[in-house]
file my_file_23.cif (mmCIF, C-alpha atoms)
data_data
#
loop_
_atom_site.label_atom_id
_atom_site.label_comp_id
_atom_site.auth_asym_id
_atom_site.auth_seq_id
_atom_site.Cartn_x
_atom_site.Cartn_y
_atom_site.Cartn_z
CA MET A 1 0.00 0.00 0.00
CA SER A 2 1.72 3.14 -1.19
CA ASN A 3 -1.12 5.60 -1.64
CA TYR A 4 -3.85 7.17 0.43
CA TYR A 5 -7.43 6.61 -0.79
CA GLU A 6 -7.15 3.23 -2.51
CA SER A 7 -10.50 2.49 -4.21
CA GLU A 8 -10.33 -1.09 -2.92
CA ASP A 9 -10.49 0.33 0.60
CA LEU A 10 -14.13 1.29 0.12
CA LYS A 11 -15.02 -2.37 0.62
CA LYS A 12 -13.40 -2.18 4.07
CA PHE A 13 -15.85 0.42 5.35
CA GLY A 14 -17.48 -2.28 7.45
CA ASP A 15 -14.16 -2.84 9.21
CA ILE A 16 -14.61 0.34 11.24
CA GLY A 17 -16.28 -2.02 13.71
CA GLN A 18 -12.89 -3.34 14.78
CA HIS A 19 -12.19 -2.21 18.34
CA ALA A 20 -15.56 -0.42 18.59
CA LYS A 21 -18.20 -2.83 17.34
CA LYS A 22 -21.24 -1.42 19.11
CA LEU A 23 -20.55 2.11 17.99
CA ALA A 24 -20.08 0.91 14.40
CA ASP A 25 -23.27 -1.15 14.58
CA ASP A 26 -25.17 1.89 15.86
CA PHE A 27 -23.70 4.01 13.10
CA PHE A 28 -24.57 1.56 10.31
CA ARG A 29 -28.11 1.13 11.65
CA TYR A 30 -28.52 4.90 11.59
CA TYR A 31 -26.89 5.10 8.14
CA GLY A 32 -29.26 2.47 6.77
CA ALA A 33 -32.30 4.10 8.34
CA VAL A 34 -31.44 7.48 6.82
CA THR A 35 -30.33 6.46 3.33
CA GLY A 36 -31.73 2.98 2.67
CA SER A 37 -35.36 3.71 1.92
CA ASP A 38 -37.79 6.36 0.80
CA GLY A 39 -38.99 8.63 3.59
CA ALA A 40 -40.03 12.27 3.43
CA LEU A 41 -37.31 12.37 0.78
CA THR A 42 -36.95 9.71 -1.89
CA LYS A 43 -33.86 7.52 -2.05
CA ARG A 44 -32.99 9.36 -5.25
CA GLU A 45 -33.13 12.78 -3.54
CA LYS A 46 -31.06 11.48 -0.65
CA ALA A 47 -28.46 10.10 -3.05
CA LEU A 48 -28.17 13.47 -4.81
CA ILE A 49 -27.71 15.24 -1.46
CA ALA A 50 -25.07 12.68 -0.48
CA LEU A 51 -23.32 13.18 -3.81
CA ALA A 52 -23.18 16.94 -3.21
CA VAL A 53 -21.86 16.43 0.34
CA SER A 54 -19.28 13.94 -0.97
CA HIS A 55 -17.86 16.67 -3.17
CA ALA A 56 -18.02 19.37 -0.52
CA GLN A 57 -16.18 17.05 1.86
CA LYS A 58 -13.88 15.87 -0.94
CA CYS A 59 -14.32 12.17 -0.14
CA PRO A 60 -13.33 9.99 -3.13
CA TYR A 61 -14.90 6.88 -1.58
CA CYS A 62 -18.23 8.67 -1.23
CA ILE A 63 -18.02 10.16 -4.72
CA ASP A 64 -17.67 6.67 -6.23
CA ALA A 65 -20.34 5.18 -4.00
CA TYR A 66 -22.89 7.94 -4.54
CA THR A 67 -22.27 8.29 -8.26
CA THR A 68 -23.33 4.64 -8.50
CA GLN A 69 -26.18 5.15 -6.04
CA CYS A 70 -27.46 8.10 -8.07
CA LEU A 71 -27.49 5.96 -11.21
CA GLU A 72 -29.18 3.10 -9.37
CA THR A 73 -31.91 5.40 -8.15
CA GLY A 74 -32.57 6.79 -11.63
CA SER A 75 -30.73 10.12 -11.71
CA ASN A 76 -29.11 11.30 -14.89
CA PRO A 77 -25.74 13.06 -15.37
CA GLU A 78 -27.37 16.49 -15.64
CA GLN A 79 -29.06 16.10 -12.26
CA MET A 80 -25.87 14.76 -10.71
CA MET A 81 -23.76 17.61 -12.07
CA GLU A 82 -26.31 20.15 -10.85
CA ALA A 83 -26.08 18.63 -7.37
CA VAL A 84 -22.30 19.14 -7.47
CA HIS A 85 -22.89 22.76 -8.50
CA VAL A 86 -25.12 23.19 -5.46
CA ALA A 87 -22.19 22.03 -3.31
CA ALA A 88 -19.80 24.30 -5.19
CA VAL A 89 -21.99 27.37 -4.99
CA MET A 90 -22.65 26.79 -1.31
CA GLN A 91 -18.92 26.68 -0.68
CA ALA A 92 -18.37 29.81 -2.76
CA GLY A 93 -21.25 31.55 -1.00
CA ILE A 94 -19.97 30.53 2.41
CA THR A 95 -16.59 32.01 1.53
CA LEU A 96 -18.11 35.19 0.13
CA VAL A 97 -20.58 35.76 2.94
CA HIS A 98 -17.61 35.92 5.30
CA SER A 99 -16.62 39.07 3.49
CA VAL A 100 -19.38 40.75 5.51
CA GLN A 101 -17.24 40.04 8.56
CA MET A 102 -14.27 41.51 6.70
CA GLN A 103 -16.30 44.61 5.80
CA ASN A 104 -17.44 44.99 9.40
CA HIS A 105 -13.91 44.80 10.66
CA LEU A 106 -12.66 46.99 7.84
CA LYS A 107 -15.07 49.74 8.90
CA LYS A 108 -13.64 49.60 12.39
CA MET A 109 -10.12 49.79 11.09
CA VAL A 110 -10.60 52.68 8.66
CA LEU A 111 -10.97 56.21 9.92
CA MET B 1 -21.35 -33.48 -30.55
CA SER B 2 -23.23 -35.91 -28.31
CA ALA B 3 -26.98 -35.44 -28.08
CA VAL B 4 -26.86 -36.43 -24.44
CA LEU B 5 -25.68 -34.08 -21.75
CA PRO B 6 -24.49 -35.09 -18.33
CA ILE B 7 -27.19 -34.02 -15.88
CA ARG B 8 -24.60 -32.10 -13.87
CA VAL B 9 -21.81 -30.56 -15.91
CA PHE B 10 -18.65 -30.29 -13.83
CA GLN B 11 -17.60 -26.75 -13.31
CA GLU B 12 -15.03 -25.30 -10.99
CA LYS B 13 -17.16 -23.67 -8.33
CA SER B 14 -16.72 -19.95 -8.08
CA LYS B 15 -17.74 -17.74 -5.21
CA PHE B 16 -20.56 -16.62 -7.47
CA ASP B 17 -22.03 -20.12 -7.72
CA PHE B 18 -25.75 -19.49 -8.23
CA GLU B 19 -26.90 -22.95 -7.25
CA ALA B 20 -24.98 -22.72 -3.98
CA GLN B 21 -26.73 -19.41 -3.36
CA LEU B 22 -30.10 -21.09 -3.95
CA ARG B 23 -29.18 -23.88 -1.53
CA ARG B 24 -28.06 -21.39 1.12
CA ASN B 25 -31.49 -19.78 0.86
CA GLY B 26 -33.40 -23.07 0.75
CA ILE B 27 -34.79 -22.29 -2.71
CA ASP B 28 -35.68 -24.87 -5.35
CA LEU B 29 -36.70 -23.62 -8.79
CA PRO B 30 -38.44 -26.27 -10.88
CA PRO B 31 -40.35 -25.18 -14.00
CA LEU B 32 -43.92 -24.13 -13.19
CA SER B 33 -45.37 -23.90 -16.67
CA ILE B 34 -44.55 -23.21 -20.29
CA ASP B 35 -46.86 -20.37 -21.16
CA THR B 36 -44.44 -18.55 -23.47
CA LEU B 37 -42.46 -19.76 -26.45
CA GLN B 38 -39.64 -17.30 -26.93
CA VAL B 39 -38.00 -17.67 -30.32
CA ASN B 40 -34.73 -16.03 -31.28
CA VAL B 41 -35.14 -16.04 -35.04
CA THR B 42 -31.89 -14.29 -36.00
CA LYS B 43 -28.72 -12.72 -34.61
CA LEU B 44 -28.73 -10.20 -37.46
CA CYS B 45 -29.33 -6.66 -36.22
CA ASN B 46 -29.01 -3.16 -37.60
CA GLN B 47 -27.45 -2.05 -34.30
CA VAL B 48 -24.37 -3.05 -32.31
CA CYS B 49 -25.33 -2.34 -28.71
CA ARG B 50 -22.51 -2.42 -26.19
CA HIS B 51 -24.41 -4.52 -23.66
CA CYS B 52 -25.96 -6.99 -26.13
CA HIS B 53 -25.99 -10.53 -24.71
CA VAL B 54 -26.65 -11.92 -28.19
CA ASP B 55 -23.56 -10.27 -29.73
CA ALA B 56 -25.95 -9.26 -32.50
CA SER B 57 -24.71 -7.07 -35.35
CA PRO B 58 -25.21 -6.26 -39.07
CA GLN B 59 -22.66 -8.98 -39.89
CA ARG B 60 -24.51 -11.90 -38.27
CA ARG B 61 -26.23 -14.39 -40.57
CA GLU B 62 -27.82 -16.95 -38.23
CA MET B 63 -31.49 -17.50 -39.13
CA LEU B 64 -34.11 -19.98 -38.00
CA SER B 65 -34.90 -22.15 -41.04
CA PRO B 66 -38.36 -22.23 -42.68
CA GLY B 67 -38.66 -25.74 -41.24
CA GLY B 68 -37.86 -24.35 -37.80
CA ILE B 69 -40.53 -21.68 -38.10
CA ALA B 70 -43.04 -24.33 -39.19
CA LYS B 71 -42.12 -26.48 -36.16
CA CYS B 72 -42.63 -23.54 -33.79
CA LEU B 73 -46.07 -22.93 -35.29
CA GLU B 74 -46.89 -26.62 -34.98
CA ILE B 75 -45.88 -26.56 -31.30
CA LEU B 76 -48.05 -23.49 -30.73
CA GLU B 77 -50.99 -25.11 -32.47
CA ARG B 78 -50.68 -28.38 -30.56
CA HIS B 79 -50.34 -26.74 -27.16
CA PRO B 80 -53.08 -24.29 -26.17
CA GLN B 81 -51.35 -23.84 -22.80
CA ILE B 82 -48.51 -22.05 -24.64
CA ALA B 83 -50.53 -18.90 -25.11
CA ARG B 84 -47.74 -16.44 -25.95
CA LEU B 85 -45.15 -16.18 -28.68
CA ASP B 86 -42.24 -13.83 -27.90
CA ILE B 87 -40.17 -13.17 -31.03
CA THR B 88 -36.68 -11.82 -30.44
CA GLY B 89 -33.27 -11.53 -32.10
CA GLY B 90 -31.13 -9.61 -33.19
CA ALA B 91 -33.75 -7.54 -34.88
CA PRO B 92 -36.33 -10.28 -35.51
CA GLU B 93 -38.02 -8.30 -38.28
CA LEU B 94 -34.91 -8.89 -40.41
CA HIS B 95 -35.73 -12.59 -40.67
CA PRO B 96 -37.24 -13.16 -44.15
CA GLY B 97 -40.01 -15.30 -42.67
CA PHE B 98 -40.88 -12.88 -39.87
CA ASP B 99 -44.11 -11.47 -41.31
CA ALA B 100 -45.59 -14.86 -42.14
CA PHE B 101 -44.54 -16.24 -38.73
CA VAL B 102 -46.37 -13.41 -36.98
CA GLU B 103 -49.49 -13.67 -39.12
CA LYS B 104 -49.77 -17.46 -38.69
CA ALA B 105 -49.24 -17.25 -34.91
CA VAL B 106 -51.91 -14.55 -34.68
CA ALA B 107 -54.23 -16.75 -36.75
CA LEU B 108 -53.70 -19.49 -34.16
CA GLY B 109 -55.03 -17.08 -31.54
CA LYS B 110 -51.68 -16.59 -29.80
CA HIS B 111 -50.63 -13.41 -28.05
CA VAL B 112 -47.61 -12.30 -30.10
CA MET B 113 -44.89 -10.05 -28.69
CA VAL B 114 -42.07 -8.64 -30.79
CA ARG B 115 -38.80 -7.33 -29.33
CA HIS B 116 -38.59 -4.39 -31.69
CA ASN B 117 -35.53 -2.13 -31.45
CA LEU B 118 -37.36 0.85 -33.02
CA THR B 119 -34.48 1.95 -35.27
CA VAL B 120 -34.94 -0.95 -37.68
CA GLN B 121 -38.00 0.93 -38.96
CA LEU B 122 -35.67 3.63 -40.28
CA ASP B 123 -32.46 1.67 -40.91
CA GLY B 124 -33.97 -1.27 -42.77
CA ASN B 125 -32.01 -4.45 -43.43
CA PRO B 126 -28.26 -3.73 -43.23
CA GLN B 127 -27.46 -6.63 -45.58
CA THR B 128 -30.16 -6.35 -48.25
CA ARG B 129 -31.11 -2.65 -47.77
CA GLU B 130 -34.74 -3.76 -47.70
CA SER B 131 -36.93 -1.06 -46.15
CA LYS B 132 -38.76 -1.81 -42.90
CA GLU B 133 -40.83 1.35 -42.79
CA TYR B 134 -44.02 -0.70 -43.08
CA LEU B 135 -43.53 -2.27 -39.65
CA PRO B 136 -45.79 0.06 -37.58
CA GLN B 137 -48.73 -0.65 -39.87
CA PHE B 138 -47.90 -4.36 -39.92
CA PHE B 139 -47.76 -4.48 -36.11
CA ALA B 140 -51.02 -2.57 -35.77
CA ARG B 141 -52.84 -4.70 -38.34
CA ASN B 142 -51.88 -7.85 -36.42
CA ARG B 143 -52.35 -6.18 -33.00
CA ILE B 144 -48.87 -7.24 -31.93
CA GLU B 145 -47.50 -6.25 -28.52
CA VAL B 146 -44.39 -4.21 -29.23
CA ILE B 147 -41.56 -4.25 -26.67
CA SER B 148 -38.77 -1.80 -27.39
CA SER B 149 -35.46 -1.03 -25.73
CA LEU B 150 -34.88 2.59 -24.84
CA PRO B 151 -32.22 2.69 -22.14
CA TYR B 152 -33.08 6.22 -21.07
CA TYR B 153 -35.35 9.13 -21.87
CA GLN B 154 -32.31 11.18 -22.88
CA GLU B 155 -29.86 10.98 -25.74
CA TYR B 156 -26.65 10.71 -23.72
CA PHE B 157 -27.25 7.32 -22.07
CA THR B 158 -29.17 5.90 -25.03
CA ASP B 159 -26.49 6.63 -27.60
CA ALA B 160 -23.72 5.54 -25.20
CA GLN B 161 -25.29 2.09 -25.05
CA ARG B 162 -26.87 1.64 -28.47
CA GLY B 163 -24.77 3.79 -30.81
CA SER B 164 -24.63 7.35 -32.06
CA GLY B 165 -27.92 8.65 -33.43
CA VAL B 166 -30.04 5.85 -31.96
CA PHE B 167 -31.98 8.10 -29.59
CA LYS B 168 -33.20 10.48 -32.33
CA LYS B 169 -34.20 7.56 -34.55
CA SER B 170 -35.95 5.85 -31.63
CA VAL B 171 -37.98 8.98 -30.97
CA GLU B 172 -39.04 9.14 -34.62
CA ALA B 173 -39.95 5.43 -34.61
CA MET B 174 -42.01 5.87 -31.43
CA ARG B 175 -43.82 8.81 -33.08
CA ARG B 176 -44.82 6.54 -35.96
CA LEU B 177 -46.08 3.88 -33.53
CA ASN B 178 -47.95 6.44 -31.43
CA ALA B 179 -49.58 7.82 -34.58
CA LEU B 180 -51.23 4.42 -35.10
CA GLY B 181 -52.40 4.25 -31.50
CA TYR B 182 -49.48 2.30 -30.00
CA GLY B 183 -48.93 3.32 -26.38
CA VAL B 184 -52.09 5.41 -26.43
CA GLU B 185 -54.53 4.60 -23.66
CA GLY B 186 -57.68 2.85 -24.82
CA SER B 187 -56.27 1.78 -28.19
CA GLY B 188 -55.50 -1.78 -27.10
CA LEU B 189 -52.16 -1.51 -28.91
CA ALA B 190 -49.40 -2.07 -26.35
CA LEU B 191 -46.03 -0.37 -26.65
CA ASN B 192 -43.82 -1.27 -23.71
CA LEU B 193 -40.31 0.06 -23.24
CA VAL B 194 -37.26 -1.64 -21.77
CA TYR B 195 -34.68 0.08 -19.59
CA ASN B 196 -31.18 -1.37 -19.21
CA PRO B 197 -28.54 0.31 -17.07
CA VAL B 198 -25.83 1.84 -19.23
CA GLY B 199 -23.08 0.14 -17.25
CA PRO B 200 -22.32 -2.16 -14.33
CA TYR B 201 -25.01 -1.03 -11.96
CA LEU B 202 -28.51 -2.15 -11.04
CA PRO B 203 -31.69 -0.62 -12.47
CA ALA B 204 -33.55 1.98 -10.45
CA ALA B 205 -36.98 1.03 -9.10
CA GLN B 206 -39.24 0.25 -12.06
CA ALA B 207 -42.29 2.29 -11.01
CA GLY B 208 -40.36 5.50 -10.34
CA LEU B 209 -38.39 5.20 -13.55
CA GLU B 210 -41.56 4.54 -15.54
CA ALA B 211 -43.07 7.74 -14.14
CA ASP B 212 -39.91 9.67 -15.14
CA TYR B 213 -39.97 8.21 -18.65
CA LYS B 214 -43.66 9.03 -19.11
CA ARG B 215 -43.26 12.60 -17.90
CA GLU B 216 -40.07 13.36 -19.83
CA LEU B 217 -41.00 11.66 -23.09
CA LYS B 218 -44.41 13.35 -23.04
CA GLU B 219 -43.09 16.81 -22.16
CA LYS B 220 -40.03 16.85 -24.40
CA PHE B 221 -41.19 14.77 -27.39
CA GLY B 222 -44.95 14.28 -27.07
CA LEU B 223 -44.48 10.49 -26.88
CA ALA B 224 -46.55 7.88 -25.06
CA PHE B 225 -46.06 4.27 -24.05
CA ASN B 226 -47.70 1.75 -21.72
CA SER B 227 -45.23 0.17 -19.31
CA LEU B 228 -41.52 0.29 -18.62
CA TYR B 229 -39.64 -2.94 -17.92
CA THR B 230 -36.35 -2.66 -16.06
CA ILE B 231 -33.84 -5.34 -17.02
CA THR B 232 -30.45 -5.96 -15.43
CA ASN B 233 -27.43 -6.37 -17.69
CA MET B 234 -26.29 -9.97 -17.79
CA PRO B 235 -22.58 -10.61 -17.25
CA ILE B 236 -22.16 -12.60 -20.46
CA ASN B 237 -20.83 -12.09 -23.98
CA ARG B 238 -20.31 -8.47 -25.11
CA PHE B 239 -21.10 -6.91 -21.73
CA LYS B 240 -18.85 -9.39 -19.93
CA LEU B 241 -16.06 -8.56 -22.35
CA HIS B 242 -16.47 -4.89 -21.46
CA LEU B 243 -16.43 -5.71 -17.74
CA ASN B 244 -13.28 -7.78 -18.18
CA LYS B 245 -11.54 -5.11 -20.24
CA THR B 246 -12.30 -2.42 -17.67
CA GLY B 247 -11.48 -4.60 -14.64
CA GLN B 248 -15.06 -4.41 -13.34
CA LEU B 249 -16.25 -8.02 -13.69
CA GLU B 250 -15.45 -9.06 -10.12
CA SER B 251 -17.06 -5.99 -8.57
CA TYR B 252 -20.17 -6.36 -10.77
CA MET B 253 -20.55 -10.01 -9.79
CA GLU B 254 -20.13 -9.03 -6.14
CA LYS B 255 -22.83 -6.43 -6.58
CA LEU B 256 -25.23 -9.00 -8.08
CA LEU B 257 -24.46 -11.54 -5.37
CA SER B 258 -24.83 -9.08 -2.51
CA ALA B 259 -28.17 -7.92 -3.94
CA PHE B 260 -29.53 -11.50 -4.20
CA ASN B 261 -33.25 -11.38 -3.50
CA PRO B 262 -35.04 -14.67 -2.71
CA ALA B 263 -38.38 -13.20 -3.84
CA ALA B 264 -36.87 -12.30 -7.21
CA ALA B 265 -35.46 -15.83 -7.48
CA GLU B 266 -38.93 -17.33 -7.07
CA GLY B 267 -40.14 -15.29 -10.04
CA VAL B 268 -37.40 -16.01 -12.59
CA MET B 269 -38.77 -16.23 -16.12
CA CYS B 270 -37.17 -19.61 -16.93
CA ARG B 271 -39.87 -21.20 -14.77
CA SER B 272 -42.57 -20.25 -17.25
CA LEU B 273 -40.99 -20.08 -20.70
CA ILE B 274 -38.70 -21.91 -23.04
CA SER B 275 -36.32 -20.27 -25.46
CA VAL B 276 -35.71 -21.50 -29.01
CA GLY B 277 -32.47 -20.82 -30.87
CA HIS B 278 -31.93 -20.25 -34.57
CA ASP B 279 -31.07 -23.93 -34.99
CA GLY B 280 -34.17 -25.19 -33.18
CA ARG B 281 -32.39 -26.12 -29.95
CA ILE B 282 -34.33 -25.32 -26.78
CA TYR B 283 -32.95 -23.45 -23.77
CA ASP B 284 -34.25 -22.29 -20.40
CA CYS B 285 -33.86 -18.65 -21.43
CA ASP B 286 -32.27 -16.41 -24.06
CA PHE B 287 -29.17 -15.97 -21.86
CA ASN B 288 -28.58 -19.71 -21.53
CA GLN B 289 -29.11 -19.88 -25.29
CA MET B 290 -26.26 -17.45 -25.91
CA LEU B 291 -24.04 -19.51 -23.58
CA GLU B 292 -25.13 -22.67 -25.41
CA MET B 293 -26.40 -24.21 -22.18
CA ASP B 294 -28.99 -26.48 -23.80
CA ALA B 295 -32.07 -27.44 -21.88
CA ALA B 296 -32.16 -31.17 -21.27
CA ASP B 297 -34.81 -33.58 -20.06
CA ALA B 298 -34.61 -35.70 -16.91
CA LYS B 299 -32.47 -38.23 -18.77
CA GLY B 300 -30.03 -35.58 -19.94
CA LYS B 301 -31.22 -35.57 -23.56
CA ARG B 302 -31.15 -32.18 -25.23
CA LEU B 303 -34.51 -30.59 -26.04
CA SER B 304 -35.28 -29.46 -29.56
CA ILE B 305 -38.31 -28.15 -31.42
CA PHE B 306 -37.82 -30.96 -33.93
CA ASP B 307 -38.83 -33.65 -31.42
CA PHE B 308 -40.70 -31.46 -28.95
CA ASP B 309 -42.52 -33.16 -26.14
CA PHE B 310 -44.27 -30.94 -23.60
CA GLU B 311 -43.99 -33.41 -20.74
CA ARG B 312 -40.23 -33.83 -21.23
CA ALA B 313 -39.84 -30.05 -21.32
CA ILE B 314 -41.91 -29.27 -18.24
CA ARG B 315 -40.12 -31.98 -16.22
CA ARG B 316 -36.64 -30.73 -17.05
CA SER B 317 -34.27 -29.30 -14.44
CA ILE B 318 -33.51 -25.69 -15.27
CA ARG B 319 -29.79 -25.16 -15.84
CA PHE B 320 -28.19 -22.37 -13.86
CA GLY B 321 -24.88 -20.52 -14.02
CA ASP B 322 -23.20 -17.56 -12.36
CA HIS B 323 -24.95 -15.21 -14.78
CA CYS B 324 -28.32 -16.12 -13.23
CA LEU B 325 -27.41 -13.77 -10.37
CA GLY B 326 -28.39 -11.02 -12.84
CA CYS B 327 -32.02 -12.16 -12.74
CA THR B 328 -32.20 -12.36 -8.94
CA ALA B 329 -30.50 -9.11 -7.90
CA GLY B 330 -32.52 -6.34 -6.32
CA ALA B 331 -36.05 -6.18 -7.69
CA GLY B 332 -35.23 -9.02 -10.09
CA SER B 333 -35.06 -9.03 -13.85
CA SER B 334 -36.86 -10.80 -16.66
CA CYS B 335 -38.04 -10.13 -20.20
CA GLY B 336 -41.11 -8.64 -18.53
CA GLY B 337 -39.11 -6.44 -16.17
CA ALA B 338 -38.81 -6.60 -12.37
CA THR B 339 -40.03 -9.79 -10.73
CA ALA B 340 -40.18 -8.87 -7.04
#
call {"tool": "encode", "arguments": {"input": "my_file_23.cif", "output": "structure tokens"}}
result
Amino acid sequence: MSNYYESEDLKKFGDIGQHAKKLADDFFRYYGAVTGSDGALTKREKALIALAVSHAQKCPYCIDAYTTQCLETGSNPEQMMEAVHVAAVMQAGITLVHSVQMQNHLKKMVL
Amino acid sequence: MSAVLPIRVFQEKSKFDFEAQLRRNGIDLPPLSIDTLQVNVTKLCNQVCRHCHVDASPQRREMLSPGGIAKCLEILERHPQIARLDITGGAPELHPGFDAFVEKAVALGKHVMVRHNLTVQLDGNPQTRESKEYLPQFFARNRIEVISSLPYYQEYFTDAQRGSGVFKKSVEAMRRLNALGYGVEGSGLALNLVYNPVGPYLPAAQAGLEADYKRELKEKFGLAFNSLYTITNMPINRFKLHLNKTGQLESYMEKLLSAFNPAAAEGVMCRSLISVGHDGRIYDCDFNQMLEMDAADAKGKRLSIFDFDFERAIRRSIRFGDHCLGCTAGAGSSCGGATA
């Protein structure tokens, strides 16, 4: 193993139960309950949200997993790309909205 | 080649052993009925789809003989319990005896389904250049159920799987069918579409996808159809080659195995149909046909239309292979869509 983020490692997600089985079991139960079926949101909508979060959090495992999940819940590439743009624009907006703080402080600093 | 098969062919057991999976789940799958005769009349096709389990193409020349067609009609006539004829290929309309086969089966009172790829209406016969533009009228006159592959309601996925330009031609072909009442509620002319994933993943839920197709095709193109059938890609032939080339075969098989659904297994189509090849040999399904896994009776003798015996066929043991995991994954898969 010479690199971080080997794609084969995605299969080992279940191994997080080593040394902390109950916590992992609780997590996977929660994970399944949230993502595994239609609720107030459809599985497809949840998969698109997860795909956007995967990009915002820059997780290659999640990007692979949720690209597949989006396809398996019937999304098309346009919908998936738009979800990524939502993540991107949120990150840009979050950065830009902090400029209000800069402006506030700037006003204090300038005579 | 011997006409007698060993009842159990020795195979090195893989971790994707379907029969072991059935045993683990306590499932036995004997034939239940033979209500459909599915006949693959030719491997000739005007398209070269990337997922095609038949490896069909414009270069193929396999055709069911006139004698074979006559035998199929004789079997249909002799067996009222076989109520449905499902004609497939290739593009079955490219068989020179297709029209007469359809008309005679209809005259016998059978429900006839044609696996029609839509584009053959516009492309015609790639070998003879014969036009096939008459097909919508021919289908309507004989009140044939038309079942057509359209892997998505958008061009990108459709052309990726079926070739450049296929989506636009499919839309035009659907327009011509709709104009005659196909897919239009109340007409009694059924146009059903088939969805295949465009790669190594499972189909989305059939009902939701059908609603998407209906909305999008209506809004964007003014098209109508009756039902959508979701079908999983089988890890055989051309699609398997692609999986091997791209290093995805193992992970796809793992996906199918991990999604094994006992309810889908109970509903596999091989329990209620038999599949006939271009040489008259009989198989449990079109996939087994392409793998040349002949159906055999209880004594191991191959089944054929040329000495067809209903009792021998219904008492056969269905032959399974790793590829059968494709029919039992998730919501299941058959020529009529999801099974669970």
call {"tool": "atom_distance", "arguments": {"input": "my_file_23.cif", "atom1": "CA of Leu48 (chain A)", "atom2": "CA of Thr68 (chain A)"}}
result
10.7 Å
call {"tool": "resolve_selection", "arguments": {"input": "my_file_23.cif", "expression": "the PyMOL selection byres ((chain B) within 7 of (chain A))", "output": "list in words"}}
result
Tyr201, Leu202, Pro203, Ala204, Ala205 and Leu209 of chain B
call {"tool": "residues_around", "arguments": {"input": "my_file_23.cif", "residues": "Val171 (chain B)", "least_positions_apart": "2", "cutoff": "12 Å", "atoms": "all atoms listed in the file", "output": "VMD selection string"}}
result
chain B and resid 117 to 119 121 to 122 148 to 150 152 to 155 158 165 to 169 173 to 178 217 to 218 220 to 225
call {"tool": "closest_residue", "arguments": {"input": "my_file_23.cif", "among": "B:Ala207, B:Ile274, B:Leu291, B:Leu249", "to": "Cys72 (chain B)", "atoms": "all atoms listed in the file"}}
result
B:Ile274
call {"tool": "resolve_selection", "arguments": {"input": "my_file_23.cif", "expression": "the PyMOL selection byres ((chain A and resi 65) around 12)", "output": "NGL selection string"}}
result
(:A and (7-11 or 13 or 47-48 or 50-51 or 54-55 or 59-64 or 66-72)) or (:B and (201))
call {"tool": "resolve_selection", "arguments": {"input": "my_file_23.cif", "expression": "the PyMOL selection byres ((chain B and resi 135) around 10)", "output": "MDAnalysis selection string"}}
result
chainID B and resid 93 99 116 118 120:122 131:134 136:141 173 176:177
call {"tool": "atom_distance", "arguments": {"input": "my_file_23.cif", "atom1": "CA of Arg271 (chain B)", "atom2": "CA of Pro92 (chain B)"}}
result
23.7 Å
